[in-house]
Structures are given as structure tokens and as C-alpha cells.
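Only one structure is covered here, and it is reproduced in the block below.
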Amino acid sequence: MLKKINHENIVILLLMTIIMNYLLLFSSSLIIFLKLNLLLFFFLCFYYFYKFNKNIFLLLIIFTLLIICLGSLTNQWDARSLWLFKAKRIFIEESVISIKDNYAIFSHPDYPNIGPAFIAGLAKLIGFWNEIFPKVALTLMFIPPLIILSKYFNKNDFLFVIFLILFTIGKFLVNGEMDGLVSIYFTLSFLTIYNLLLKQENSKIDFLLPILLIIVLSMLKIEGFILSLVIIFTLITFTIFKKNTNYKIIFYISIALVPAIAWQIFTTTVNINNASSPYSYNIDDFSVRFLQIKNYISITKYIIFNDKFLISVIFFIFTYFYSSNKSFYAYVFTIIAIYTLILYIVYLSTPLDLEWHLNSSATRVVKPMALFLFIFGVYNINSKNKVY
């Protein structure tokens, strides 16, 4: 039976174990199943590299990242005070809903927490907690999307894609923050969806991979949820105006948002949505900044003129002249335009000092767009357009 398992099956099972880890942490009575689920995750990883031993380069990359992760301190604010803090609470309480007491509001208890849940799950499997090894769980979450990328590109292009990933998200592969995961899951979510758009007919099983990717993406952090909505909105827009999108794709991808929406409903119901906190975005700050040109200049400087984003835009435009599939670019530019507009609105609405907020977060929130443009640029000039 194992001999029939291919790359796609392994990726689907790996994503399922990540999601199942989250679900099993809704009750402390399921900890034994949580540990078995994590053991299955590691077995699938080992089995993949054993069966597909030609992919030794990917194994070396992951092994190197794990060593770097284990050898580095967690000193970034978000990594330490948001994600690892939540993970430690989940580890101790043995429940992802332990945050309902709204303790430590600085850690944003309302944020999606599939990442901290996976960190806590790994710590439970090992049997204890410290401030170093648990964050390696987030690096392990890169394995499914990296396996997918290794199949979407031939060897030389895959090496180039790895270089672009390292260039774009770099330390976010190992530092315990979510932005690297958001970047790669966002890119792979639409890449698998676009692969469905290329096909004339899709079976129900074909939708499973993008559904699982969207579930994980939307549960990583708020930005992931928003990016998932942007993807769906783009698909709906093209369906209305071009009438060339499969309605089934919109339906199945919309289903993938149910867990994230349920989480938002839960946090609102138990009143931990931070709506009344000093960190809440609001219409008052937006109305003050909206008509001030200097604010648009500041946001543009940090977002549009971010060096990596600017390079990715130039690279993507460059690939336009080497591709015959011009309609492909309409999807990509629409997604980027919508998300950029959202970023402008968010920063205009921040209750914090705008310059400080941009300086502390803009380089992180722009990474999903930069990686998205880089990988899609390579993908569109790659002759290997379909995989699964």
C-alpha cells in the first residue's frame, strides 16, 4: 500500500497532521492521540525522503535549517511574546482555547494559533518545555510546501526558487515568527489553485491540496486570513467579469475558510477580540490620516519601495516578455493590488505612531507579496506547468 503513495499524497497527509494536531488540542484528554499524530508526521517525513531519495538537496536544506533554528536564540518580540508565549500556554493548559481568559492582552490572544499549537504539540511529544527547541516546529511546517515546490519545478529552477526563498524570507525560516510561513503557504495556495484552473476537469480529490493549504494559511495569523480572502475575492471577480473560473473551485476554497471564521466567531463570543484595546485599528485614526499626503508617502516608502518587493516586481515584469500566457498576469497583479490596498488602509487606521509601526512591521508584511511574485515569475517561464 505504501508503494502507491506519491508526492501529493504525502503532502496531503502532512498537512492533515498539522491540522489534526490543532484539533486534538481542544481537549487535554486527547494528548495521547496528539503524540501519535506527531509521530505520524515524522514518519511521513522520513518515508518521503527514503522513498524519493533523489531529492537529497531538499533534505540537506531542511536539515540545515533545523540546525540553525536549534542554534539560535528567540529574541524577536513577535516570536517570543506572541507565538512562543501562546505555545507555552497551550503546552501547560493542554488546550488551544485556554486563551479565552484574555490573559496577557499584549500577546493578542485573539490571533489564530495553529502555529503555536504545532509548537506545543512537539513539546508535548518530547515531554518538556524550554525556550529553544519548541520553535523548530515552525521550521518543520515548511516541509509540505517545499515538497510541492520540488515537484512544480525541475532541478535547476528548484535551486533558483530555493535561492529566492532564502533571499526573501531568510531568517523567518528559523526565527519562530509566522511571516515566512504565511509567505510560502500563500504562494503555494494560489499556485495549486491556478493549477486547477489550467485543467479542464477536476475531481473532488484535486481540491483537497489547496483546501488544506488555505486552512493552514488562514489559521497562521490575521494576515494569512486576509490573504485567503483576497484569493477568493479575486477568483469571484474573474468569474463575474471573465466567466472562465470553475465555480467548484470557489465553493471548495470557501469551505477552507470555515475554521478561521469559526475562530473569529469564538474570540468575539468570549470577548477577546481586542476591539477595545489600544492596539485596535479604528475609523477615527483612518479619518485623521486619510487626507494627509505625507502618510501615503511614508507608507509607499516602506511598502512599494521595499528593496525585496521592488526587485520582485521588476523580476515579475521581466518574465512577462518571456511568456505567452498573458492572462496569467491578470490574476497575479489583481491579488497584489488588492492586498497592497488593504495594507494602505490598515496602516492609515493604526492607533500607533505611523512611522514607528511601518518601521517595525512593513518589512514583514510585504514578504508574502515579494515571494509570491518571485515564485510565480519563475513558474510562468518554467516549461513544467502541471504536476498533479
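By order of appearance in the C-alpha cells: chains A, B, ..., then residues from 1 within every chain, and ligands from 1 in the order shown.
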Contact residues around Phe160 (chain A) with only C-alpha atoms at 12 Å, ignoring same-chain residues under 2 positions, as an NGL selection string: :A and (149-150 or 153-158 or 162-167 or 374-375 or 377-379 or 382)
Given the selection you just returned, output its residues as a file containing C-alpha atoms, formatted as a PDB file, in the first residue's frame.
```
ATOM      1  CA  LEU A 149       7.752  23.279  -4.939  1.00  0.00           C
ATOM      2  CA  SER A 150      10.240  20.491  -5.639  1.00  0.00           C
ATOM      3  CA  PHE A 153       9.956  22.913 -10.837  1.00  0.00           C
ATOM      4  CA  ASN A 154      12.748  20.997 -12.463  1.00  0.00           C
ATOM      5  CA  LYS A 155      16.033  20.672 -10.582  1.00  0.00           C
ATOM      6  CA  ASN A 156      17.724  23.860 -11.790  1.00  0.00           C
ATOM      7  CA  ASP A 157      14.623  26.000 -11.363  1.00  0.00           C
ATOM      8  CA  PHE A 158      14.016  24.495  -7.920  1.00  0.00           C
ATOM      9  CA  ILE A 162      15.206  27.995  -3.006  1.00  0.00           C
ATOM     10  CA  PHE A 163      17.623  30.893  -3.509  1.00  0.00           C
ATOM     11  CA  LEU A 164      14.664  33.271  -3.917  1.00  0.00           C
ATOM     12  CA  ILE A 165      13.041  31.906  -0.743  1.00  0.00           C
ATOM     13  CA  LEU A 166      16.247  32.399   1.218  1.00  0.00           C
ATOM     14  CA  PHE A 167      16.641  35.883  -0.248  1.00  0.00           C
ATOM     15  CA  PHE A 374       9.283  35.763  -7.376  1.00  0.00           C
ATOM     16  CA  ILE A 375       7.922  32.214  -7.467  1.00  0.00           C
ATOM     17  CA  GLY A 377       7.727  34.673 -12.176  1.00  0.00           C
ATOM     18  CA  VAL A 378       9.821  31.501 -12.225  1.00  0.00           C
ATOM     19  CA  TYR A 379       6.734  29.317 -12.593  1.00  0.00           C
ATOM     20  CA  ASN A 382       9.067  27.170 -16.500  1.00  0.00           C
TER      21      ASN A 382
END
```
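Closest approach to Ile105 (chain A) among A:Asn271, A:Pro210, A:Thr340, A:Phe251 is made by A:Asn271 (distances from only C-alpha atoms).
For the choices A:Pro109, A:Phe41, A:Asn6, A:Leu138, the atom-to-atom distance to Phe266 (chain A) is smallest for A:Pro109 when using only C-alpha atoms.
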Atomic distance CA of Pro368 (chain A) - CA of Glu223 (chain A), expressed in Å with one decimal: 9.4 Å
Shell of 8 Å around Leu38 (chain A), only C-alpha atoms, local chain residues under 2 positions omitted, as a VMD selection string: chain A and resid 17 21 34 to 36 40 to 42 121 to 122 125
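Of the listed residues A:Ala117, A:Ile62, A:Ile335, A:Leu146, the one whose atoms come nearest to Ile92 (chain A) is A:Ala117, with distances taken using only C-alpha atoms.
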CA of Asn130 (chain A) to CA of Leu30 (chain A), straight-line distance in Å: 22.5 Å
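Residue nearest Ser312 (chain A), chosen from A:Tyr331, A:Tyr252, A:Phe376, A:Tyr47 and counting only C-alpha atoms: A:Phe376.
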Close residues, Ile261 (chain A) itself excluded, 12 Å, only C-alpha atoms, min 5 positions apart in chain, as a PyMOL selection string: chain A and resi 111-112+215+218-219+222+225-226+228-229+254-256+266-268
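What separates CA of Arg364 (chain A) from CA of Ile336 (chain A) is a distance of 15.3 Å.
If you measure from each of A:Leu159, A:Ile147, A:Leu66, A:Leu213 to Asn175 (chain A) using only C-alpha atoms, the closest one turns out to be A:Leu66.
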